[in-house]
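**Q** File name target.txt; file contents compact mmCIF, C-alpha atoms; full text below.
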```
# COMPACT_ATOMS: atom_id res chain seq x y z
CA MET A 81 82.37 204.77 166.80
CA ILE A 82 80.92 208.27 167.12
CA TYR A 83 77.57 207.78 168.83
CA PHE A 84 74.82 210.23 167.86
CA ASP A 85 71.78 208.04 168.59
CA ASN A 86 71.11 209.15 172.14
CA ALA A 87 67.41 209.81 171.48
CA ALA A 88 67.08 206.02 171.12
CA THR A 89 69.22 205.28 174.16
CA THR A 90 72.10 207.13 175.75
CA TYR A 91 75.57 205.70 175.34
CA PRO A 92 77.96 205.48 177.06
CA LYS A 93 76.47 205.17 180.51
CA PRO A 94 78.34 206.98 183.28
CA ARG A 95 80.69 204.76 185.23
CA GLU A 96 78.87 205.73 188.44
CA VAL A 97 75.65 204.23 187.08
CA ILE A 98 77.37 200.96 186.17
CA ASN A 99 78.98 200.80 189.62
CA GLU A 100 75.64 201.41 191.32
CA ILE A 101 73.99 198.59 189.35
CA ASN A 102 76.81 196.21 190.22
CA LYS A 103 76.59 197.21 193.89
CA ALA A 104 72.85 196.50 193.88
CA PHE A 105 73.45 192.88 192.90
CA THR A 106 75.57 192.49 196.05
CA LEU A 107 73.80 194.64 198.62
CA TYR A 108 70.19 194.44 197.46
CA GLY A 109 69.80 190.84 196.38
CA ALA A 110 66.56 190.20 198.28
CA ASN A 111 63.00 190.89 197.22
CA PRO A 112 61.80 194.30 198.48
CA GLY A 113 58.60 194.26 200.52
CA ARG A 114 58.35 190.48 200.44
CA SER A 115 60.23 189.50 203.61
CA GLY A 116 61.08 190.83 207.05
CA HIS A 117 64.82 190.08 207.08
CA ASP A 118 67.46 192.77 206.90
CA MET A 119 68.43 192.40 203.25
CA SER A 120 64.82 192.59 202.09
CA MET A 121 64.18 195.67 204.20
CA ASN A 122 67.40 197.33 203.02
CA THR A 123 66.40 196.63 199.43
CA ALA A 124 62.99 198.18 200.05
CA LEU A 125 64.69 201.26 201.51
CA ALA A 126 66.88 201.56 198.41
CA VAL A 127 63.79 201.43 196.17
CA TYR A 128 62.01 203.99 198.35
CA SER A 129 65.05 206.28 198.12
CA ALA A 130 64.85 206.03 194.32
CA ARG A 131 61.17 207.05 194.45
CA GLU A 132 62.09 210.07 196.55
CA THR A 133 64.85 211.06 194.14
CA LEU A 134 62.53 210.98 191.11
CA ASN A 135 59.74 212.75 192.96
CA THR A 136 62.07 215.59 193.94
CA PHE A 137 63.66 215.85 190.49
CA PHE A 138 60.30 216.17 188.70
CA ASP A 139 58.48 218.12 191.45
CA GLY A 140 55.99 215.30 191.85
CA TYR A 141 53.08 214.69 194.19
CA GLY A 142 54.84 212.41 196.66
CA SER A 143 57.12 209.38 196.56
CA GLU A 144 54.12 207.05 196.93
CA TYR A 145 52.96 208.30 193.53
CA VAL A 146 56.13 207.09 191.82
CA SER A 147 55.77 203.59 190.37
CA PHE A 148 58.44 201.70 188.44
CA THR A 149 57.74 199.94 185.16
CA SER A 150 59.78 198.15 182.51
CA ASN A 151 60.03 201.16 180.16
CA CYS A 152 58.28 204.37 179.07
CA THR A 153 55.99 202.49 176.70
CA GLY A 154 54.79 200.34 179.57
CA SER A 155 54.26 203.46 181.65
CA LEU A 156 52.20 205.14 178.95
CA ASN A 157 50.02 202.08 178.37
CA MET A 158 49.42 201.64 182.08
CA ALA A 159 48.57 205.32 182.55
CA ILE A 160 46.39 205.76 179.45
CA LYS A 161 44.37 202.61 180.10
CA GLY A 162 44.25 203.32 183.82
CA ILE A 163 42.80 206.82 183.40
CA LEU A 164 40.42 206.60 180.45
CA GLU A 165 36.94 205.12 180.89
CA SER A 166 34.13 204.25 178.52
CA GLY A 167 32.71 207.37 176.88
CA ASP A 168 35.78 209.53 177.48
CA HIS A 169 37.38 211.77 174.87
CA VAL A 170 41.16 212.25 174.72
CA ILE A 171 43.24 214.81 172.81
CA ILE A 172 46.75 214.03 171.55
CA SER A 173 49.25 216.12 169.60
CA SER A 174 50.28 215.71 165.97
CA LEU A 175 53.79 214.73 167.10
CA GLU A 176 52.96 211.72 169.26
CA HIS A 177 54.98 208.52 169.29
CA ASN A 178 53.28 205.18 168.66
CA SER A 179 53.55 204.50 172.39
CA VAL A 180 50.74 207.03 172.78
CA LEU A 181 49.02 206.65 169.42
CA ARG A 182 48.61 202.86 169.43
CA PRO A 183 46.97 202.43 172.85
CA VAL A 184 44.66 205.36 172.08
CA ILE A 185 43.79 203.86 168.68
CA LYS A 186 43.10 200.47 170.26
CA LEU A 187 40.72 201.95 172.82
CA ALA A 188 38.97 203.89 170.04
CA GLU A 189 38.64 200.81 167.84
CA GLN A 190 37.08 198.99 170.80
CA LYS A 191 34.50 201.82 170.90
CA LYS A 192 35.51 202.69 174.45
CA ILE A 193 36.73 206.22 173.76
CA THR A 194 36.99 208.86 171.06
CA PHE A 195 40.05 210.98 170.34
CA SER A 196 41.17 214.08 168.48
CA VAL A 197 44.57 215.23 167.22
CA PHE A 198 45.61 218.87 167.50
CA ALA A 199 48.19 220.29 165.11
CA VAL A 200 51.49 221.48 166.54
CA THR A 201 52.96 224.34 164.50
CA HIS A 202 55.97 226.63 164.83
CA ASN A 203 53.68 229.28 166.32
CA GLU A 204 52.85 228.62 169.98
CA GLU A 205 49.67 230.67 169.98
CA GLU A 206 48.43 228.77 166.94
CA THR A 207 49.32 225.45 168.58
CA LEU A 208 47.38 226.35 171.73
CA PHE A 209 44.44 227.58 169.63
CA ASN A 210 44.44 224.26 167.77
CA LEU A 211 44.37 222.42 171.10
CA LYS A 212 41.49 224.44 172.51
CA LYS A 213 39.42 223.81 169.37
CA GLU A 214 39.47 220.06 170.09
CA ILE A 215 38.11 220.27 173.64
CA LYS A 216 34.69 218.66 174.10
CA ASP A 217 32.32 218.28 177.01
CA ASN A 218 33.58 214.74 177.61
CA THR A 219 37.30 215.45 177.16
CA LYS A 220 39.01 213.80 180.10
CA LEU A 221 42.66 213.76 179.10
CA ILE A 222 45.22 215.68 177.04
CA ILE A 223 48.39 213.77 176.13
CA THR A 224 51.45 215.41 174.62
CA THR A 225 55.07 214.54 174.22
CA ALA A 226 57.46 216.88 176.00
CA VAL A 227 59.77 216.87 172.97
CA SER A 228 59.21 215.43 169.51
CA ASN A 229 61.43 212.37 169.19
CA VAL A 230 61.91 213.04 165.46
CA PHE A 231 62.12 216.81 165.00
CA GLY A 232 62.97 218.08 168.47
CA ASP A 233 60.01 220.45 168.91
CA ILE A 234 59.59 221.47 172.56
CA LEU A 235 55.91 221.64 173.37
CA PRO A 236 54.60 224.50 175.56
CA LEU A 237 53.89 222.25 178.52
CA GLU A 238 53.11 224.94 181.07
CA ASN A 239 50.55 226.63 178.83
CA ILE A 240 49.00 223.29 177.89
CA GLY A 241 48.77 222.48 181.59
CA ARG A 242 47.06 225.81 182.21
CA ILE A 243 44.46 225.09 179.52
CA ALA A 244 43.88 221.64 180.98
CA ARG A 245 43.34 223.03 184.48
CA GLU A 246 40.98 225.74 183.25
CA ASN A 247 38.84 223.08 181.59
CA ASN A 248 39.05 220.48 184.37
CA ILE A 249 40.97 218.08 182.09
CA LEU A 250 43.84 215.80 183.13
CA PHE A 251 47.22 216.42 181.49
CA MET A 252 49.64 213.57 180.73
CA VAL A 253 53.16 214.04 179.36
CA ASP A 254 55.31 211.53 177.49
CA GLY A 255 58.72 212.46 178.87
CA ALA A 256 60.74 210.05 176.73
CA GLN A 257 62.76 212.78 174.99
CA GLY A 258 62.32 215.56 177.53
CA ALA A 259 63.29 214.00 180.86
CA GLY A 260 66.82 215.10 181.66
CA VAL A 261 67.01 217.49 178.69
CA ILE A 262 64.46 220.17 179.56
CA PRO A 263 63.15 221.09 183.02
CA ILE A 264 59.92 219.22 183.75
CA LYS A 265 58.21 220.33 186.96
CA MET A 266 54.89 218.58 187.38
CA LYS A 267 53.16 220.89 189.86
CA GLN A 268 54.37 224.07 188.19
CA MET A 269 53.36 222.85 184.73
CA GLY A 270 50.03 221.35 185.80
CA ILE A 271 51.07 217.83 184.78
CA ASN A 272 48.91 215.16 186.39
CA CYS A 273 50.84 212.21 184.99
CA LEU A 274 54.40 211.96 183.67
CA CYS A 275 55.80 208.83 182.01
CA ILE A 276 59.57 208.47 181.65
CA PRO A 277 62.21 205.99 180.50
CA GLY A 278 65.40 205.40 182.44
CA HIS A 279 67.77 204.67 179.59
CA LYS A 280 67.76 207.94 177.67
CA SER A 281 68.82 211.31 179.01
CA LEU A 282 68.64 210.19 182.64
CA TYR A 283 71.64 207.90 181.94
CA GLY A 284 70.06 204.83 183.52
CA PRO A 285 69.99 201.27 182.15
CA MET A 286 67.54 199.79 179.70
CA GLY A 287 64.52 197.95 181.07
CA ILE A 288 63.38 200.54 183.59
CA GLY A 289 60.75 203.27 183.42
CA ALA A 290 58.47 205.10 185.80
CA ILE A 291 55.08 206.72 186.17
CA LEU A 292 54.74 209.83 188.32
CA HIS A 293 51.17 210.95 188.96
CA ASP A 294 48.81 212.65 191.39
CA GLY A 295 46.54 209.67 192.03
CA CYS A 296 44.65 210.09 188.75
CA ILE A 297 45.26 206.49 187.63
CA LYS A 298 42.26 204.53 188.88
CA GLU A 299 42.31 201.24 186.96
CA THR A 300 45.04 198.63 186.58
CA ILE A 301 46.07 196.60 183.55
CA ILE A 302 48.30 194.20 185.54
CA GLU A 303 47.32 192.53 188.79
CA GLY A 304 49.23 190.18 191.03
CA GLY A 305 51.58 189.95 193.97
CA THR A 306 52.47 193.25 195.59
CA GLY A 307 53.82 192.10 198.94
CA THR A 308 50.83 193.67 200.67
CA GLU A 309 47.23 192.67 201.45
CA SER A 310 47.77 189.05 200.43
CA PHE A 311 44.25 187.99 201.50
CA ASN A 312 42.65 190.74 199.45
CA PHE A 313 41.63 189.06 196.20
CA ASN A 314 41.57 192.44 194.47
CA GLN A 315 44.53 194.63 193.59
CA PRO A 316 45.38 196.94 196.53
CA LEU A 317 44.16 200.52 196.22
CA ALA A 318 47.24 202.09 197.82
CA PHE A 319 50.06 203.48 195.69
CA PRO A 320 52.72 202.71 194.63
CA GLU A 321 51.85 199.00 195.04
CA ARG A 322 48.65 199.36 193.04
CA LEU A 323 50.73 199.80 189.86
CA GLU A 324 53.57 197.44 190.79
CA SER A 325 52.73 193.75 190.58
CA GLY A 326 55.61 191.32 190.70
CA THR A 327 59.27 191.74 191.54
CA LEU A 328 60.90 195.03 190.61
CA ASN A 329 64.11 195.29 188.62
CA VAL A 330 66.00 196.55 191.65
CA PRO A 331 69.46 196.92 190.03
CA ALA A 332 67.90 199.00 187.25
CA VAL A 333 65.98 201.09 189.81
CA CYS A 334 69.25 201.81 191.61
CA GLY A 335 70.96 202.62 188.33
CA LEU A 336 68.18 205.02 187.40
CA LYS A 337 68.42 206.75 190.75
CA LYS A 338 72.14 207.30 190.26
CA GLY A 339 71.55 208.58 186.72
CA VAL A 340 69.01 211.11 188.01
CA GLU A 341 71.46 212.21 190.70
CA ILE A 342 74.15 212.75 188.07
CA THR A 343 71.75 214.69 185.87
CA SER A 344 70.64 216.81 188.80
CA SER A 345 74.22 217.47 189.89
CA TYR A 346 75.35 218.55 186.43
CA GLY A 347 72.15 220.54 185.87
CA VAL A 348 69.47 220.05 183.23
CA ASN A 349 70.02 223.56 181.88
CA ASN A 350 73.75 222.90 181.57
CA ILE A 351 73.11 219.63 179.72
CA PHE A 352 70.67 221.42 177.43
CA GLY A 353 73.21 224.17 176.78
CA ASP A 354 76.10 221.80 176.03
CA GLU A 355 74.08 219.62 173.68
CA SER A 356 72.39 222.60 172.01
CA GLU A 357 75.78 224.14 171.27
CA LEU A 358 76.73 221.02 169.31
CA MET A 359 73.44 220.84 167.44
CA GLU A 360 73.46 224.55 166.63
CA LEU A 361 76.92 224.10 165.12
CA MET A 362 75.70 221.11 163.11
CA PHE A 363 72.55 222.92 161.96
CA ASN A 364 74.52 225.95 160.77
CA GLU A 365 77.00 223.74 158.91
CA LEU A 366 74.25 221.63 157.33
CA SER A 367 72.47 224.80 156.20
CA GLY A 368 75.38 225.55 153.93
CA ILE A 369 75.56 222.14 152.23
CA ARG A 370 73.77 221.78 148.94
CA ASN A 371 71.28 218.89 148.74
CA ILE A 372 70.81 218.74 152.51
CA ILE A 373 67.16 219.17 153.50
CA LEU A 374 66.46 220.68 156.92
CA TYR A 375 63.00 221.03 158.43
CA LYS A 376 63.47 224.24 160.39
CA ASN A 377 64.36 227.70 159.10
CA GLU A 378 66.62 228.34 162.07
CA TYR A 379 67.92 226.68 165.19
CA ASN A 380 65.96 228.26 168.04
CA ARG A 381 66.90 227.02 171.50
CA LYS A 382 63.62 228.29 172.95
CA THR A 383 61.58 225.86 170.88
CA GLN A 384 64.15 223.26 169.77
CA ALA A 385 65.60 220.47 171.86
CA PRO A 386 69.16 219.37 171.00
CA LEU A 387 68.22 217.04 168.17
CA ILE A 388 68.35 217.53 164.39
CA ALA A 389 66.37 215.77 161.67
CA PHE A 390 67.46 216.11 158.06
CA ASN A 391 67.57 214.32 154.73
CA VAL A 392 69.78 214.22 151.67
CA LYS A 393 68.01 215.04 148.43
CA ASN A 394 67.03 211.97 146.35
CA MET A 395 68.08 209.53 149.08
CA HIS A 396 66.07 207.57 151.62
CA SER A 397 66.97 208.39 155.20
CA GLU A 398 68.02 204.81 155.86
CA GLU A 399 70.52 204.97 153.00
CA VAL A 400 72.13 207.98 154.61
CA SER A 401 72.26 206.39 158.04
CA ALA A 402 73.78 203.23 156.52
CA PHE A 403 76.49 205.33 154.85
CA LEU A 404 77.29 207.02 158.15
CA ASN A 405 77.35 203.65 159.91
CA SER A 406 79.89 202.37 157.37
CA ASN A 407 82.05 205.30 158.43
CA SER A 408 81.70 204.58 162.17
CA VAL A 409 78.93 207.05 162.96
CA ALA A 410 75.76 205.89 164.72
CA VAL A 411 72.59 207.85 163.88
CA ARG A 412 69.04 206.75 163.21
CA GLY A 413 67.22 206.84 159.91
CA GLY A 414 63.67 205.77 159.12
CA PHE A 415 60.36 206.58 160.73
CA HIS A 416 61.19 206.53 164.46
CA CYS A 417 57.82 204.97 165.43
CA SER A 418 56.17 208.38 164.91
CA PRO A 419 53.90 208.42 161.84
CA LEU A 420 52.00 211.49 163.02
CA ALA A 421 55.21 213.52 163.25
CA HIS A 422 56.29 212.47 159.76
CA LYS A 423 52.90 213.41 158.32
CA THR A 424 53.14 216.75 160.10
CA TYR A 425 56.51 217.47 158.47
CA GLY A 426 55.83 215.76 155.14
CA THR A 427 58.49 213.05 155.49
CA GLU A 428 56.20 210.01 155.52
CA LEU A 429 57.81 208.58 152.34
CA ILE A 430 61.51 208.81 153.22
CA GLY A 431 61.60 209.24 156.97
CA ALA A 432 64.34 211.37 158.46
CA VAL A 433 67.95 211.06 159.58
CA ARG A 434 68.13 211.95 163.26
CA VAL A 435 71.25 213.18 165.02
CA SER A 436 70.91 213.24 168.80
CA PRO A 437 73.89 213.98 171.07
CA SER A 438 74.67 213.50 174.73
CA ARG A 439 76.94 215.65 176.85
CA PHE A 440 79.71 213.17 176.09
CA ASN A 441 79.88 214.24 172.43
CA THR A 442 82.31 216.91 171.20
CA LYS A 443 82.65 219.51 168.45
CA LYS A 444 85.20 217.19 166.88
CA ASP A 445 82.46 214.57 166.53
CA VAL A 446 80.18 217.10 164.83
CA LYS A 447 82.87 218.19 162.36
CA TYR A 448 83.62 214.58 161.43
CA VAL A 449 79.96 213.96 160.63
CA ILE A 450 79.71 217.21 158.65
CA ASN A 451 82.66 216.17 156.48
CA LEU A 452 80.97 212.85 155.72
CA LEU A 453 77.69 214.54 154.84
CA GLN A 454 79.46 216.96 152.53
CA LYS A 455 80.77 213.94 150.64
CA ILE A 456 77.48 212.11 150.41
CA ALA A 457 75.63 215.28 149.40
CA LYS A 458 78.05 215.63 146.48
CA ASN A 459 77.69 211.92 145.68
CA LYS A 460 81.37 211.29 146.30
CA ASN A 461 82.83 208.26 148.03
CA VAL A 462 79.43 206.85 148.85
```
Using structure tokens, write down the structure from this file.
**A**
Amino acid sequence: MIYFDNAATTYPKPREVINEINKAFTLYGANPGRSGHDMSMNTALAVYSARETLNTFFDGYGSEYVSFTSNCTGSLNMAIKGILESGDHVIISSLEHNSVLRPVIKLAEQKKITFSVFAVTHNEEETLFNLKKEIKDNTKLIITTAVSNVFGDILPLENIGRIARENNILFMVDGAQGAGVIPIKMKQMGINCLCIPGHKSLYGPMGIGAILHDGCIKETIIEGGTGTESFNFNQPLAFPERLESGTLNVPAVCGLKKGVEITSSYGVNNIFGDESELMELMFNELSGIRNIILYKNEYNRKTQAPLIAFNVKNMHSEEVSAFLNSNSVAVRGGFHCSPLAHKTYGTELIGAVRVSPSRFNTKKDVKYVINLLQKIAKNKNV
């Protein structure tokens, strides 16, 4: 199978990641921070090393401000609900995933907060103007995705961070599609909180995510055993334990660390370049096929992550993805858990077919998919 669904999860995983996970089951089989014996302490050191690796990679605020979660959705819920308080106002972008939209909506329906949505356009100045218009006296937090998971728009993170700082507002980034694909430097970009998954472009396993922050998360949504302050009936105040109740998924943590090391070694800019070359080729080929609908006028690497959304005229996106699947090509059709993005681009009725590569894909893969789409666009051999 030709796998072009890497925005959902990257496949295949590097052999080094698999080896590191297997090694963790043997070397780090004890509970970190829960015992004083050698294996427990060695396991805790391995987890701490993973924190350091992520903190360095994302230019964070210290390894103690790196907490592991089960996935990016868990990270976003923990961060959003841990930052916002009654009476706060939050601003989100028009491209947000349901992992941001739903917790914000729930807090708003509970009358705890209010929120606004700013429109992201193809003009950066207009996008930033739209953001600034939504700022209120009680705006506490701006949340944006780093990259649209449906249409690949790269948001101007550094300029958004500047606006947030100038207005004394916290800035949170959903790094689900950006981490490992575009450079994300928290201090440089003014990002107070970054939420990431392990299983996408960082090449780690499923079931692991992380929150990197500057201490801005005050409240907890999960309390329990942390291995510290056992006679304190309240959740400890110190990070990272404050956000980590219960036993960590140590093999996944080790796998994520190795994935980040591989990404760092290869270079984020090199990964972006390799994947963009494939998507630029696909975009240019699709542009010449009658009945293919694209949602950008051009492929611009400055504003476009290596991901393409398209449709075939008079077909639902899921029909197209099913046809490709029957010909051994994995893509994603449908609505991608991002109703705001589909409303922004006018695809709320049919969704979009998403092609998302990894650096393991080739030009041969692209050409095979193009040949299939030429057939389906001409209604042949469907």
**Q** With distances taken over all atoms listed in the file, which residue among A:Pro94, A:Ala318, A:Ile271, A:Ile82 lies nearest A:Ser406?
**A**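 With all atoms listed in the file as the atom set, the closest residue is A:Ile82.
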**Q** So which one's closest to A:Lys265, A:Leu237, A:Leu452, A:Val340, A:Cys296? Using only C-alpha atoms, please.
**A**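 Residue with the minimum atom-to-atom distance to A:Lys265: A:Leu237.
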**Q** May I have a table of the residues of stretch 198-239 of chain A lying at most 12 Å from stretch 144-157 of chain A, giving each one's closest pair of atoms and their distance in Å to one decimal, counting all atoms listed in the file, ordered by chain and ascending residue number, as a Markdown table?
**A**
```
| residue | atom | partner | partner_atom | distance |
| --- | --- | --- | --- | --- |
| A:Ile223 | CA | A:Leu156 | CA | 9.8 |
| A:Thr224 | CA | A:Leu156 | CA | 11.2 |
| A:Thr225 | CA | A:Leu156 | CA | 10.9 |
```
**Q** Please determine, counting all atoms listed in the file, which residue among A:Cys273, A:Leu366, A:Ile373, A:Leu164 has the shortest atom-to-atom distance to A:Ile291.
**A** A:Cys273
**Q** One decimal, Å: what's the distance from atom CA of A:Glu246 over to atom CA of A:Gly140, could you say?
**A**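 Interatomic distance, atom CA of A:Glu246 to atom CA of A:Gly140: 20.2 Å.
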**Q** Atom CA of A:Lys191 to atom CA of A:Ser174: how many Å, to one decimal?
**A**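 Atom CA of A:Lys191 sits 21.6 Å away from atom CA of A:Ser174.
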**Q** For A:His202, which of A:Thr89, A:Asn329, A:Ser436, A:Thr383 is the closest residue, counting only C-alpha atoms?
**A**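 Ranked by minimum distance to A:His202, first place goes to A:Thr383.
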**Q** Which one of A:Thr308, A:Ser173, A:Thr327, A:Asn111 sits closest to A:Met252 if you count only C-alpha atoms?
**A**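 Distance minimum relative to A:Met252 lands on A:Ser173.
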**Q** Can you rebuild stretch 278-300 of chain A with N, CA and C atoms and give it as an mmCIF file, in the frame of the given file?
**A**
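Listing of rebuild_35.cif after writing:
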```cif
data_model
loop_
_atom_site.group_PDB
_atom_site.id
_atom_site.type_symbol
_atom_site.label_atom_id
_atom_site.label_comp_id
_atom_site.auth_asym_id
_atom_site.auth_seq_id
_atom_site.Cartn_x
_atom_site.Cartn_y
_atom_site.Cartn_z
ATOM 1 N N GLY A 278 64.160 205.199 181.697
ATOM 2 C CA GLY A 278 65.400 205.400 182.440
ATOM 3 C C GLY A 278 66.620 205.501 181.566
ATOM 4 N N HIS A 279 66.564 204.940 180.366
ATOM 5 C CA HIS A 279 67.770 204.670 179.590
ATOM 6 C C HIS A 279 68.179 205.774 178.632
ATOM 7 N N LYS A 280 67.420 206.864 178.605
ATOM 8 C CA LYS A 280 67.760 207.940 177.670
ATOM 9 C C LYS A 280 68.548 209.024 178.392
ATOM 10 N N SER A 281 68.019 210.207 178.487
ATOM 11 C CA SER A 281 68.820 211.310 179.010
ATOM 12 C C SER A 281 68.918 211.349 180.525
ATOM 13 N N LEU A 282 68.411 210.332 181.201
ATOM 14 C CA LEU A 282 68.640 210.190 182.640
ATOM 15 C C LEU A 282 69.791 209.232 182.922
ATOM 16 N N TYR A 283 70.405 208.688 181.857
ATOM 17 C CA TYR A 283 71.640 207.900 181.940
ATOM 18 C C TYR A 283 71.496 206.565 182.665
ATOM 19 N N GLY A 284 70.258 206.114 182.869
ATOM 20 C CA GLY A 284 70.060 204.830 183.520
ATOM 21 C C GLY A 284 70.147 203.681 182.533
ATOM 22 N N PRO A 285 69.929 202.450 183.026
ATOM 23 C CA PRO A 285 69.990 201.270 182.150
ATOM 24 C C PRO A 285 68.701 201.082 181.371
ATOM 25 N N MET A 286 68.751 200.200 180.394
ATOM 26 C CA MET A 286 67.540 199.790 179.700
ATOM 27 C C MET A 286 66.686 198.932 180.649
ATOM 28 N N GLY A 287 65.391 198.838 180.314
ATOM 29 C CA GLY A 287 64.520 197.950 181.070
ATOM 30 C C GLY A 287 63.968 198.556 182.346
ATOM 31 N N ILE A 288 63.977 199.889 182.442
ATOM 32 C CA ILE A 288 63.380 200.540 183.590
ATOM 33 C C ILE A 288 62.684 201.821 183.146
ATOM 34 N N GLY A 289 61.497 202.043 183.668
ATOM 35 C CA GLY A 289 60.750 203.270 183.420
ATOM 36 C C GLY A 289 59.989 203.618 184.676
ATOM 37 N N ALA A 290 59.241 204.707 184.624
ATOM 38 C CA ALA A 290 58.470 205.100 185.800
ATOM 39 C C ALA A 290 57.249 205.905 185.392
ATOM 40 N N ILE A 291 56.248 205.846 186.261
ATOM 41 C CA ILE A 291 55.080 206.720 186.170
ATOM 42 C C ILE A 291 55.076 207.595 187.418
ATOM 43 N N LEU A 292 54.969 208.903 187.224
ATOM 44 C CA LEU A 292 54.740 209.830 188.320
ATOM 45 C C LEU A 292 53.372 210.451 188.108
ATOM 46 N N HIS A 293 52.542 210.485 189.141
ATOM 47 C CA HIS A 293 51.170 210.950 188.960
ATOM 48 C C HIS A 293 50.640 211.536 190.253
ATOM 49 N N ASP A 294 49.417 212.025 190.212
ATOM 50 C CA ASP A 294 48.810 212.650 191.390
ATOM 51 C C ASP A 294 47.666 211.822 191.957
ATOM 52 N N GLY A 295 47.631 210.540 191.601
ATOM 53 C CA GLY A 295 46.540 209.670 192.030
ATOM 54 C C GLY A 295 45.445 209.538 191.001
ATOM 55 N N CYS A 296 45.689 210.079 189.791
ATOM 56 C CA CYS A 296 44.650 210.090 188.750
ATOM 57 C C CYS A 296 44.448 208.741 188.078
ATOM 58 N N ILE A 297 45.371 207.796 188.278
ATOM 59 C CA ILE A 297 45.260 206.490 187.630
ATOM 60 C C ILE A 297 44.405 205.580 188.515
ATOM 61 N N LYS A 298 43.227 205.264 188.053
ATOM 62 C CA LYS A 298 42.260 204.530 188.880
ATOM 63 C C LYS A 298 42.255 203.026 188.600
ATOM 64 N N GLU A 299 42.406 202.653 187.335
ATOM 65 C CA GLU A 299 42.310 201.240 186.960
ATOM 66 C C GLU A 299 43.694 200.640 186.731
ATOM 67 N N THR A 300 43.775 199.329 186.800
ATOM 68 C CA THR A 300 45.040 198.630 186.580
ATOM 69 C C THR A 300 44.932 197.758 185.331
#
```
